[in-house]
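**Student:** Contents of work30.tsv (TSV, C-alpha atoms and all ligand atoms):
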chain	number	residue	atom	x	y	z
G	1	MET	CA	99.86	117.91	113.75
G	2	LYS	CA	96.28	116.76	113.93
G	3	PHE	CA	96.62	113.53	115.83
G	4	ASN	CA	98.76	114.57	118.77
G	5	ILE	CA	101.22	111.71	118.49
G	6	LYS	CA	102.97	111.28	121.85
G	7	ILE	CA	106.70	110.73	121.48
G	8	THR	CA	108.88	108.83	123.94
G	9	LYS	CA	112.45	108.91	122.72
G	10	ALA	CA	114.85	105.99	123.03
G	11	GLN	CA	117.47	106.50	125.75
G	12	ASN	CA	120.28	105.04	123.68
G	13	SER	CA	120.39	105.04	119.91
G	14	GLN	CA	121.55	101.81	118.28
G	15	LEU	CA	122.65	103.70	115.18
G	16	GLY	CA	126.35	103.67	116.13
G	17	GLN	CA	126.38	99.87	115.81
G	18	VAL	CA	125.21	99.87	112.19
G	19	ASP	CA	127.57	99.77	109.22
G	20	PHE	CA	125.66	101.41	106.36
G	21	ASP	CA	128.03	99.77	103.87
G	22	ASP	CA	127.09	96.29	105.03
G	23	ILE	CA	123.46	96.01	106.17
G	24	PRO	CA	121.98	92.51	106.45
G	25	PHE	CA	118.53	92.75	104.79
G	26	GLY	CA	115.56	92.67	107.16
G	27	ARG	CA	117.52	92.28	110.39
G	28	VAL	CA	118.38	95.84	111.40
G	29	PHE	CA	115.71	98.04	112.97
G	30	SER	CA	115.72	101.76	113.74
G	31	ASP	CA	115.34	103.28	117.20
G	32	HIS	CA	111.61	104.04	117.22
G	33	MET	CA	108.24	102.66	116.16
G	34	PHE	CA	104.77	104.10	115.84
G	35	VAL	CA	101.92	102.31	117.64
G	36	ALA	CA	98.15	102.94	117.79
G	37	ASP	CA	95.40	100.76	119.24
G	38	TYR	CA	91.88	100.40	117.91
G	39	LYS	CA	89.26	100.11	120.64
G	40	ASP	CA	85.63	101.16	121.09
G	41	GLY	CA	85.38	101.95	117.40
G	42	GLU	CA	88.33	104.35	117.11
G	43	TRP	CA	92.10	104.55	116.90
G	44	GLN	CA	93.48	105.54	120.29
G	45	SER	CA	96.75	106.66	121.90
G	46	PRO	CA	98.84	107.20	118.76
G	47	ARG	CA	102.41	107.17	120.02
G	48	ILE	CA	106.03	106.77	119.04
G	49	VAL	CA	108.01	104.62	121.44
G	50	PRO	CA	111.48	103.03	121.50
G	51	PHE	CA	111.57	100.02	119.14
G	52	GLY	CA	111.16	96.85	121.15
G	53	ARG	CA	109.18	93.76	122.02
G	54	PHE	CA	105.60	93.78	123.27
G	55	GLU	CA	103.49	91.15	125.00
G	56	MET	CA	100.72	89.21	123.33
G	57	HIS	CA	97.95	87.18	124.87
G	58	PRO	CA	97.98	83.50	123.81
G	59	ALA	CA	94.38	83.89	122.61
G	60	ALA	CA	95.12	87.04	120.54
G	61	MET	CA	92.86	86.47	117.55
G	62	VAL	CA	95.52	87.17	114.93
G	63	LEU	CA	97.40	84.07	116.05
G	64	HIS	CA	94.39	81.85	115.34
G	65	TYR	CA	92.28	83.40	112.61
G	66	GLY	CA	94.88	85.42	110.77
G	67	GLN	CA	93.51	88.96	110.56
G	68	ALA	CA	96.88	90.48	109.63
G	69	ILE	CA	97.75	92.93	106.84
G	70	PHE	CA	100.85	94.89	105.96
G	71	GLU	CA	102.57	97.32	103.60
G	72	GLY	CA	106.14	97.67	102.41
G	73	MET	CA	107.59	101.01	101.34
G	74	LYS	CA	110.79	103.03	101.48
G	75	ALA	CA	112.19	106.44	102.40
G	76	SER	CA	115.40	107.54	100.71
G	77	LYS	CA	117.66	110.58	100.53
G	78	SER	CA	118.01	112.53	97.32
G	79	HIS	CA	121.49	113.52	96.15
G	80	ASP	CA	121.24	116.75	98.22
G	81	GLY	CA	120.38	114.77	101.38
G	82	THR	CA	116.62	115.53	101.51
G	83	PRO	CA	114.66	112.58	102.89
G	84	PHE	CA	111.51	111.68	100.97
G	85	PHE	CA	108.89	109.03	100.26
G	86	LEU	CA	107.65	107.81	96.88
G	87	ARG	CA	103.83	107.90	96.53
G	88	PRO	CA	103.16	107.33	100.27
G	89	GLU	CA	99.41	107.92	99.97
G	90	MET	CA	99.17	104.93	97.62
G	91	HIS	CA	100.41	102.71	100.44
G	92	ALA	CA	97.83	104.20	102.83
G	93	LYS	CA	95.09	103.45	100.29
G	94	ARG	CA	96.30	99.90	99.66
G	95	LEU	CA	96.53	99.21	103.41
G	96	ASN	CA	92.90	100.28	103.71
G	97	ASN	CA	91.85	98.10	100.75
G	98	SER	CA	93.48	95.18	102.56
G	99	ALA	CA	91.75	96.19	105.82
G	100	ARG	CA	88.32	96.21	104.17
G	101	ARG	CA	88.84	92.74	102.71
G	102	MET	CA	89.94	91.35	106.08
G	103	CYS	CA	87.03	92.99	107.91
G	104	MET	CA	89.46	95.20	109.83
G	105	PRO	CA	89.13	98.93	110.58
G	106	GLU	CA	90.69	101.41	108.18
G	107	VAL	CA	93.49	103.71	109.31
G	108	PRO	CA	92.55	107.30	108.41
G	109	GLU	CA	94.91	108.32	105.60
G	110	ALA	CA	95.85	111.49	107.50
G	111	LEU	CA	96.83	109.44	110.57
G	112	PHE	CA	98.87	107.02	108.44
G	113	LEU	CA	100.72	109.92	106.80
G	114	GLU	CA	101.28	111.90	109.99
G	115	ALA	CA	102.62	108.80	111.73
G	116	LEU	CA	104.89	108.08	108.77
G	117	HIS	CA	106.31	111.61	108.53
G	118	THR	CA	106.78	111.95	112.30
G	119	LEU	CA	108.46	108.57	112.69
G	120	VAL	CA	110.78	108.86	109.70
G	121	ASP	CA	111.70	112.43	110.59
G	122	LEU	CA	112.62	111.34	114.12
G	123	ASP	CA	114.78	108.48	112.76
G	124	SER	CA	115.97	110.28	109.63
G	125	ASP	CA	119.61	109.62	110.55
G	126	TRP	CA	118.76	105.97	109.90
G	127	ILE	CA	118.19	106.64	106.19
G	128	PRO	CA	121.43	105.52	104.55
G	129	PRO	CA	122.82	108.29	102.31
G	130	GLN	CA	124.36	105.88	99.80
G	131	GLU	CA	122.64	105.86	96.42
G	132	GLY	CA	120.38	102.84	96.14
G	133	SER	CA	120.17	102.36	99.90
G	134	ALA	CA	116.97	103.23	101.74
G	135	LEU	CA	115.00	103.04	104.94
G	136	TYR	CA	112.54	100.19	104.54
G	137	ILE	CA	109.19	100.93	106.18
G	138	ARG	CA	106.82	98.27	107.43
G	139	PRO	CA	103.29	99.43	108.39
G	140	TYR	CA	101.08	96.55	109.61
G	141	MET	CA	97.91	95.80	111.53
G	142	PHE	CA	96.67	92.75	113.41
G	143	ALA	CA	93.75	91.56	115.55
G	144	THR	CA	94.28	91.67	119.31
G	145	ASP	CA	90.99	90.48	120.90
G	146	GLU	CA	91.66	87.75	123.46
G	147	PHE	CA	88.99	85.36	122.27
G	148	ILE	CA	88.52	81.89	120.83
G	149	GLY	CA	85.86	81.77	118.10
G	150	VAL	CA	85.73	82.88	114.50
G	151	LYS	CA	84.50	86.46	114.25
G	152	PRO	CA	86.09	89.81	113.48
G	153	SER	CA	88.15	91.10	116.37
G	154	ALA	CA	86.90	94.29	118.03
G	155	THR	CA	90.43	95.49	118.84
G	156	TYR	CA	93.53	95.90	116.65
G	157	ARG	CA	97.05	97.24	116.81
G	158	PHE	CA	98.63	99.29	114.02
G	159	ILE	CA	102.41	99.59	114.02
G	160	ILE	CA	104.99	101.18	111.75
G	161	PHE	CA	108.63	100.27	112.19
G	162	THR	CA	111.58	100.92	109.91
G	163	GLY	CA	115.06	99.58	109.18
G	164	PRO	CA	117.89	100.55	106.83
G	165	VAL	CA	118.53	98.40	103.76
G	166	GLY	CA	121.46	98.44	101.39
G	167	PRO	CA	121.30	98.71	97.60
G	168	TYR	CA	119.43	95.84	96.04
G	169	TYR	CA	121.40	94.50	93.11
G	170	PRO	CA	119.77	91.17	92.51
G	171	LYS	CA	121.23	88.84	89.94
G	172	PRO	CA	118.63	88.00	87.29
G	173	VAL	CA	116.04	85.61	88.70
G	174	SER	CA	114.85	82.29	87.29
G	175	LEU	CA	111.14	81.46	87.41
G	176	ILE	CA	109.04	78.34	87.15
G	177	ALA	CA	105.30	78.16	86.46
G	178	ASP	CA	103.30	75.04	87.15
G	179	ARG	CA	99.74	73.89	87.62
G	180	GLN	CA	99.96	72.44	91.12
G	181	PHE	CA	99.47	75.48	93.34
G	182	ALA	CA	97.89	78.91	93.00
G	183	ARG	CA	98.91	81.99	94.99
G	184	ALA	CA	95.36	83.23	95.49
G	185	ALA	CA	91.90	82.80	94.02
G	186	VAL	CA	91.35	84.90	90.92
G	187	GLN	CA	87.90	86.07	91.88
G	188	GLY	CA	86.52	86.52	95.34
G	189	GLY	CA	89.74	85.62	97.13
G	190	THR	CA	92.36	87.71	98.89
G	191	GLY	CA	95.02	88.04	96.18
G	192	GLU	CA	94.52	91.77	95.62
G	193	ALA	CA	94.92	92.45	99.36
G	194	LYS	CA	98.28	92.47	101.12
G	195	VAL	CA	97.33	89.93	103.78
G	196	ALA	CA	99.80	87.81	105.74
G	197	GLY	CA	98.07	84.54	104.79
G	198	ASN	CA	98.82	85.00	101.08
G	199	TYR	CA	102.52	84.90	101.87
G	200	ALA	CA	102.22	81.86	104.17
G	201	ALA	CA	100.41	79.99	101.37
G	202	SER	CA	103.20	80.81	98.92
G	203	LEU	CA	106.00	79.26	100.99
G	204	LEU	CA	105.60	75.58	100.10
G	205	PRO	CA	105.38	76.16	96.32
G	206	ALA	CA	108.38	78.52	96.58
G	207	LYS	CA	110.36	75.86	98.47
G	208	LEU	CA	109.51	73.25	95.84
G	209	ALA	CA	110.57	75.68	93.11
G	210	ASN	CA	113.90	76.23	94.90
G	211	GLU	CA	114.42	72.48	95.12
G	212	LYS	CA	114.01	72.30	91.35
G	213	GLY	CA	116.68	74.97	90.98
G	214	TYR	CA	114.50	78.05	90.34
G	215	ASP	CA	114.47	81.25	92.37
G	216	GLN	CA	110.75	81.95	92.38
G	217	VAL	CA	107.34	80.75	91.25
G	218	MET	CA	105.57	82.52	88.41
G	219	TRP	CA	101.95	82.12	89.48
G	220	LEU	CA	99.21	81.10	87.08
G	221	ASP	CA	95.53	81.88	87.65
G	222	SER	CA	93.73	79.59	90.10
G	223	ARG	CA	90.77	78.87	87.80
G	224	GLU	CA	92.40	77.48	84.68
G	225	PHE	CA	96.13	77.58	85.47
G	226	LYS	CA	96.48	79.31	82.15
G	227	TYR	CA	96.97	83.05	82.67
G	228	ILE	CA	100.10	84.55	84.21
G	229	GLN	CA	99.55	86.44	87.46
G	230	GLU	CA	102.71	87.65	89.23
G	231	VAL	CA	105.89	86.48	90.94
G	232	GLY	CA	106.87	86.16	94.63
G	233	THR	CA	106.67	89.76	95.83
G	234	MET	CA	106.69	91.32	92.38
G	235	ASN	CA	104.39	92.08	89.49
G	236	ILE	CA	105.58	90.87	86.11
G	237	PHE	CA	106.23	92.52	82.74
G	238	PHE	CA	107.05	91.02	79.34
G	239	VAL	CA	108.39	92.69	76.24
G	240	ILE	CA	106.90	90.85	73.28
G	241	ASP	CA	107.78	92.05	69.80
G	242	GLY	CA	108.44	95.59	71.06
G	243	THR	CA	105.26	95.89	73.16
G	244	VAL	CA	105.40	95.92	76.95
G	245	VAL	CA	102.71	93.64	78.36
G	246	THR	CA	101.65	93.04	81.96
G	247	PRO	CA	98.76	90.95	83.30
G	248	LYS	CA	95.56	92.91	83.82
G	249	LEU	CA	94.51	93.14	87.47
G	250	ASP	CA	91.93	90.41	87.98
G	251	GLY	CA	91.29	90.34	91.71
G	252	GLY	CA	94.01	87.75	92.28
G	253	ILE	CA	96.99	90.02	91.58
G	254	LEU	CA	98.38	92.51	94.09
G	255	PRO	CA	98.12	96.00	92.55
G	256	GLY	CA	101.78	96.93	92.89
G	257	ILE	CA	102.62	100.60	93.24
G	258	THR	CA	105.81	100.11	91.22
G	259	ARG	CA	103.66	98.42	88.53
G	260	ASP	CA	101.42	101.49	88.45
G	261	THR	CA	104.42	103.83	88.25
G	262	ILE	CA	105.87	101.85	85.32
G	263	LEU	CA	102.52	101.77	83.50
G	264	LYS	CA	102.31	105.56	83.77
G	265	LEU	CA	105.95	106.30	82.86
G	266	LEU	CA	106.54	104.01	79.87
G	267	PRO	CA	103.91	105.49	77.52
G	268	GLU	CA	105.28	108.97	78.31
G	269	HIS	CA	108.56	107.79	76.82
G	270	GLY	CA	107.01	106.37	73.69
G	271	TYR	CA	106.65	102.74	74.74
G	272	LYS	CA	103.60	100.78	73.72
G	273	VAL	CA	102.09	99.22	76.85
G	274	GLU	CA	99.26	96.73	77.26
G	275	GLU	CA	97.47	95.50	80.38
G	276	ARG	CA	95.68	92.31	79.42
G	277	PRO	CA	95.40	88.61	80.19
G	278	ILE	CA	98.57	86.79	79.07
G	279	ALA	CA	98.30	83.03	78.69
G	280	ILE	CA	101.42	81.00	79.45
G	281	ASP	CA	100.97	79.39	76.01
G	282	GLU	CA	101.19	82.84	74.40
G	283	LEU	CA	104.51	83.35	76.16
G	284	VAL	CA	105.85	80.01	74.95
G	285	ASP	CA	104.69	80.78	71.38
G	286	ALA	CA	106.29	84.24	71.50
G	287	TYR	CA	109.53	82.68	72.73
G	288	LYS	CA	109.53	80.03	70.01
G	289	ALA	CA	108.90	82.74	67.41
G	290	GLY	CA	111.88	84.73	68.76
G	291	LYS	CA	109.60	87.57	69.91
G	292	LEU	CA	110.02	87.36	73.68
G	293	GLN	CA	112.62	90.07	74.27
G	294	GLU	CA	112.50	90.77	78.01
G	295	VAL	CA	110.91	89.61	81.23
G	296	PHE	CA	111.21	91.61	84.44
G	297	GLY	CA	109.53	91.83	87.84
G	298	SER	CA	108.57	95.08	89.56
G	299	GLY	CA	108.35	95.86	93.26
G	300	THR	CA	109.40	98.22	96.02
G	301	ALA	CA	112.42	96.12	97.04
G	302	ALA	CA	114.26	95.83	93.72
G	303	VAL	CA	112.28	98.34	91.60
G	304	VAL	CA	113.06	96.09	88.61
G	305	ALA	CA	114.39	92.51	88.79
G	306	HIS	CA	115.44	91.08	85.45
G	307	VAL	CA	114.36	87.52	84.74
G	308	SER	CA	117.00	85.17	83.30
G	309	LYS	CA	114.72	82.26	82.37
G	310	VAL	CA	111.18	80.98	82.71
G	311	ALA	CA	110.37	77.27	82.90
G	312	TYR	CA	107.00	75.71	82.17
G	313	ASP	CA	106.03	72.12	81.50
G	314	GLY	CA	109.64	70.97	81.17
G	315	PHE	CA	110.44	73.73	78.66
G	316	GLU	CA	112.96	76.47	79.52
G	317	MET	CA	112.81	79.93	77.99
G	318	GLU	CA	116.23	81.59	78.24
G	319	LEU	CA	116.10	85.39	78.03
G	320	PRO	CA	118.80	87.59	76.50
G	321	PRO	CA	121.56	88.97	78.78
G	322	VAL	CA	120.64	92.14	80.67
G	323	GLU	CA	123.15	94.21	78.63
G	324	GLU	CA	121.04	93.54	75.53
G	325	ARG	CA	117.79	94.67	77.12
G	326	LYS	CA	116.18	98.08	76.77
G	327	VAL	CA	112.92	98.47	78.68
G	328	GLY	CA	113.83	96.96	82.08
G	329	PRO	CA	117.11	98.89	82.47
G	330	PHE	CA	115.45	102.09	81.15
G	331	ILE	CA	112.56	102.05	83.60
G	332	LYS	CA	114.80	101.15	86.53
G	333	ALA	CA	117.07	104.09	85.70
G	334	GLN	CA	114.03	106.38	85.46
G	335	ILE	CA	112.67	105.41	88.87
G	336	ASP	CA	116.10	105.36	90.55
G	337	GLY	CA	116.82	108.74	88.93
G	338	MET	CA	113.63	110.25	90.36
G	339	ARG	CA	114.56	108.80	93.74
G	340	SER	CA	118.00	110.41	93.70
G	341	GLY	CA	116.54	113.70	92.46
G	342	LYS	CA	118.55	113.51	89.22
G	343	ILE	CA	115.48	113.00	87.05
G	344	GLU	CA	112.59	115.45	87.38
G	345	ASP	CA	109.44	114.12	89.07
G	346	LYS	CA	106.64	115.47	86.89
G	347	HIS	CA	103.89	113.66	88.76
G	348	GLY	CA	104.29	114.87	92.33
G	349	TRP	CA	105.22	111.35	93.44
G	350	ILE	CA	108.22	112.44	95.50
G	351	VAL	CA	107.04	113.63	98.92
G	352	PRO	CA	109.68	115.19	101.21
G	353	VAL	CA	109.58	114.01	104.83
G	354	GLN	CA	108.07	116.81	106.90
G	355	GLY	CA	109.72	117.66	110.18
G	356	GLN	CA	106.78	117.34	112.51
G	357	ALA	CA	108.87	115.77	115.24
G	358	VAL	CA	111.48	118.51	115.34
G	359	ASN	CA	110.06	120.28	118.38
G	360	ALA	CA	108.87	117.17	120.18
Z	401	LIG	C1	102.56	89.68	96.04
Z	401	LIG	C2	103.19	90.97	95.63
Z	401	LIG	N1	103.07	91.39	94.35
Z	401	LIG	C3	103.60	92.55	93.93
Z	401	LIG	C4	104.29	93.37	94.80
Z	401	LIG	C5	104.88	94.67	94.30
Z	401	LIG	O1	104.19	95.75	94.87
Z	401	LIG	P1	104.90	97.16	95.08
Z	401	LIG	O2	105.35	97.59	93.76
Z	401	LIG	O3	103.83	98.03	95.64
Z	401	LIG	O4	106.03	96.93	96.04
Z	401	LIG	C6	104.45	92.98	96.14
Z	401	LIG	C7	105.17	93.84	97.09
Z	401	LIG	O5	104.53	94.54	97.85
Z	401	LIG	C8	103.88	91.76	96.57
Z	401	LIG	O6	104.02	91.35	97.83
Can I see the file as structure tokens?

**Tutor:**
Amino acid sequence: MKFNIKITKAQNSQLGQVDFDDIPFGRVFSDHMFVADYKDGEWQSPRIVPFGRFEMHPAAMVLHYGQAIFEGMKASKSHDGTPFFLRPEMHAKRLNNSARRMCMPEVPEALFLEALHTLVDLDSDWIPPQEGSALYIRPYMFATDEFIGVKPSATYRFIIFTGPVGPYYPKPVSLIADRQFARAAVQGGTGEAKVAGNYAASLLPAKLANEKGYDQVMWLDSREFKYIQEVGTMNIFFVIDGTVVTPKLDGGILPGITRDTILKLLPEHGYKVEERPIAIDELVDAYKAGKLQEVFGSGTAAVVAHVSKVAYDGFEMELPPVEERKVGPFIKAQIDGMRSGKIEDKHGWIVPVQGQAVNA
């Protein structure tokens, strides 16, 4: 324990009130949270406290100028009950990429990881044991200077809280691409950072897509509205004539950790994989030629979400039923299998939660 995280335990656990077989997504929170404050050029008073509200000043800079970044990750239990994370250091690195872009201080990777292990160990009873369930983990940072005027804040708060989530069995999603809105600028913007504003900007287009009867927007590039980017909170994969294709990272796309895992695993199992620009017209042509075999999204929440149809310019591309697909179900089973400990992790991605809080 390098960072001397002070632990104040909750007097009463809320765990008894939670039914692990019926967890409303995003509304149940575990007993504790990690908090650290950045002041005078360093992270101070790292602590774990009972989960609860805190006060904010009306002039807190995050509320006005939007310096806010976050991560989303999970801890699960393997079939023998061992709690673990999947590639936690990747989330620390991505948080710091986001911090740099937003002119915010980085969180030392060792502090991020120690906070994560200590917090999740303390609340490890909150990790649902059911296969497919998990403890969702939300690390985030925001500006706290009490000041009106556009400049980087000098003070920040970094928090990690967690909450159990049930298995995510989404029905296949329908997507629509159009040329009215972009998610983020392709070059020089904030698309490759996980910043709160990107999500705020996506809400209106997503609402309009819903009104047209589609689940999510499939974003096109902001420059030409030609190249496919990603979807909602997922990266996107296509299987075209036997080859798995995903858009190449171009500065506008969030580098998903699930995307990276899939790109590493598929070639090891003999799949041909390409990262390259994919024009929406290429997709339409592939569909018309009968070569578009699968479309699926990838992300921490669902691992893989199958896509049922993609609409563009008044044209609907209906994809084959999930039972007839190969790549999406295969890669989901691989990642779920590693998570449950039933498939060997050859990459050192599975990191057991270390019990640093045991003697606290
Ligand atoms: C915009 C966006 N794209 C892609 C992803 C998928 O990333 P990951 O696989 O790291 O969850 C996410 C989720 O974090 C996201 O918010």

**Student:** Could you check the closest approach to G:Ala286 for each of G:Asn198, G:Gln216, G:Thr144, G:Thr243 and tell me which residue wins, using only C-alpha atoms?

**Tutor:** G:Thr243

**Student:** Using all atoms listed in the file, which of G:Thr162, G:Ser308, G:Gln334, G:Ser13 sits nearest G:Asp121?

**Tutor:**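 Of the candidates, the smallest distance to G:Asp121 is held by G:Thr162.
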
**Student:** Taking only C-alpha atoms and all ligand atoms into account, report as a PyMOL selection string which residues have an atom no farther than 9 Å from an atom of ligand LIG 401 (chain Z).

**Tutor:** chain G and resi 70-73+90-91+94+183+191-194+198-199+230-236+253-261+297-303

**Student:** Which residues, protein or nucleic acid, reach to within 8 Å of (93.3, 90.0, 114.8) in the file's coordinates when using all atoms listed in the file, and can you give that as a VMD selection string?

**Tutor:** chain G and resid 60 to 63 65 to 68 142 to 145 152 to 153 155 to 156

**Student:** Excluding G:Ser202 and any residue of its chain fewer than 6 positions from it, enumerate the residues within 10 Å of it, using all atoms listed in the file, and give them as an MDAnalysis selection string.

**Tutor:** chainID G and resid 181:184 217 219 232

**Student:** Identify which of the residues G:Asp336, G:Glu318, G:Glu131, G:Glu146 lies closest to G:Gly290, counting all atoms listed in the file when measuring atom-to-atom distances.

**Tutor:**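 That would be G:Glu318, the residue with the smallest distance to G:Gly290.
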
**Student:** Considering all atoms listed in the file, can you say which of G:Val107, G:Ile240, G:Leu122, G:Val35 comes closest to G:Ala10?

**Tutor:** G:Leu122

**Student:** Around the point (113.4, 82.7, 82.3), in the coordinates given by the file, pick out the residues reaching within 10 Å, counting all atoms listed in the file, and return them as a ChimeraX atom specification.

**Tutor:** /G:172-176,214,218,294-296,306-312,316-320

**Student:** Determine the nearest neighbour of G:Pro128 from the options G:Val186, G:Met33, G:Val165, G:Ala209, counting only C-alpha atoms.

**Tutor:** G:Val165

**Student:** Give me, please, the distance in Å between atom CA of G:Trp126 and atom CA of G:Ile343, quoted to one decimal.

**Tutor:**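 Atom-to-atom, atom CA of G:Trp126 and atom CA of G:Ile343 are spaced 24.1 Å apart.
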
**Student:** Hey, which of G:Ile23, G:Val195, G:Ile7, G:Leu265 ends up closest to G:Met102? Count only C-alpha atoms.

**Tutor:** G:Val195

**Student:** For atom CA of G:Pro105 and atom CA of G:Phe158, determine how far apart the two atoms are, in Å to one decimal place.

**Tutor:**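 Pair atom CA of G:Pro105 / atom CA of G:Phe158 returns 10.1 Å.
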
**Student:** Please, what distance in Å, to one decimal, runs between atom CA of G:Thr246 and atom CA of G:Ala333?

**Tutor:** 19.3 Å

**Student:** Find the residues around G:Gly166 up to 12 Å (only C-alpha atoms counted), leave out those fewer than 3 positions away in its own chain, and share them as a PyMOL selection string.

**Tutor:** chain G and resi 18-28+74+76+126-136+163+169-170+301-302

**Student:** Hey, can you spit out that residue selection with C-alpha atoms as a PDB file, keeping the file's coordinate frame?

**Tutor:**
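To be explicit, this is the file written out as result.pdb:
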ATOM      1  CA  VAL G  18     125.210  99.870 112.190  1.00  0.00           C
ATOM      2  CA  ASP G  19     127.570  99.770 109.220  1.00  0.00           C
ATOM      3  CA  PHE G  20     125.660 101.410 106.360  1.00  0.00           C
ATOM      4  CA  ASP G  21     128.030  99.770 103.870  1.00  0.00           C
ATOM      5  CA  ASP G  22     127.090  96.290 105.030  1.00  0.00           C
ATOM      6  CA  ILE G  23     123.460  96.010 106.170  1.00  0.00           C
ATOM      7  CA  PRO G  24     121.980  92.510 106.450  1.00  0.00           C
ATOM      8  CA  PHE G  25     118.530  92.750 104.790  1.00  0.00           C
ATOM      9  CA  GLY G  26     115.560  92.670 107.160  1.00  0.00           C
ATOM     10  CA  ARG G  27     117.520  92.280 110.390  1.00  0.00           C
ATOM     11  CA  VAL G  28     118.380  95.840 111.400  1.00  0.00           C
ATOM     12  CA  LYS G  74     110.790 103.030 101.480  1.00  0.00           C
ATOM     13  CA  SER G  76     115.400 107.540 100.710  1.00  0.00           C
ATOM     14  CA  TRP G 126     118.760 105.970 109.900  1.00  0.00           C
ATOM     15  CA  ILE G 127     118.190 106.640 106.190  1.00  0.00           C
ATOM     16  CA  PRO G 128     121.430 105.520 104.550  1.00  0.00           C
ATOM     17  CA  PRO G 129     122.820 108.290 102.310  1.00  0.00           C
ATOM     18  CA  GLN G 130     124.360 105.880  99.800  1.00  0.00           C
ATOM     19  CA  GLU G 131     122.640 105.860  96.420  1.00  0.00           C
ATOM     20  CA  GLY G 132     120.380 102.840  96.140  1.00  0.00           C
ATOM     21  CA  SER G 133     120.170 102.360  99.900  1.00  0.00           C
ATOM     22  CA  ALA G 134     116.970 103.230 101.740  1.00  0.00           C
ATOM     23  CA  LEU G 135     115.000 103.040 104.940  1.00  0.00           C
ATOM     24  CA  TYR G 136     112.540 100.190 104.540  1.00  0.00           C
ATOM     25  CA  GLY G 163     115.060  99.580 109.180  1.00  0.00           C
ATOM     26  CA  TYR G 169     121.400  94.500  93.110  1.00  0.00           C
ATOM     27  CA  PRO G 170     119.770  91.170  92.510  1.00  0.00           C
ATOM     28  CA  ALA G 301     112.420  96.120  97.040  1.00  0.00           C
ATOM     29  CA  ALA G 302     114.260  95.830  93.720  1.00  0.00           C
TER      30      ALA G 302
END

**Student:** Need to verify the contact set: G:Ile280, 9 Å, all atoms listed in the file, exclusion of same-chain residues closer than 5 positions in sequence. Can you return it as number ranges by chain?

**Tutor:** G: 177, 220, 225-228, 285, 312

**Student:** Name the residues in contact with G:Ala92 at a cut-off of 12 Å, using all atoms listed in the file, excluding same-chain residues fewer than 6 positions from it; report them as a count of residues only.

**Tutor:** 24
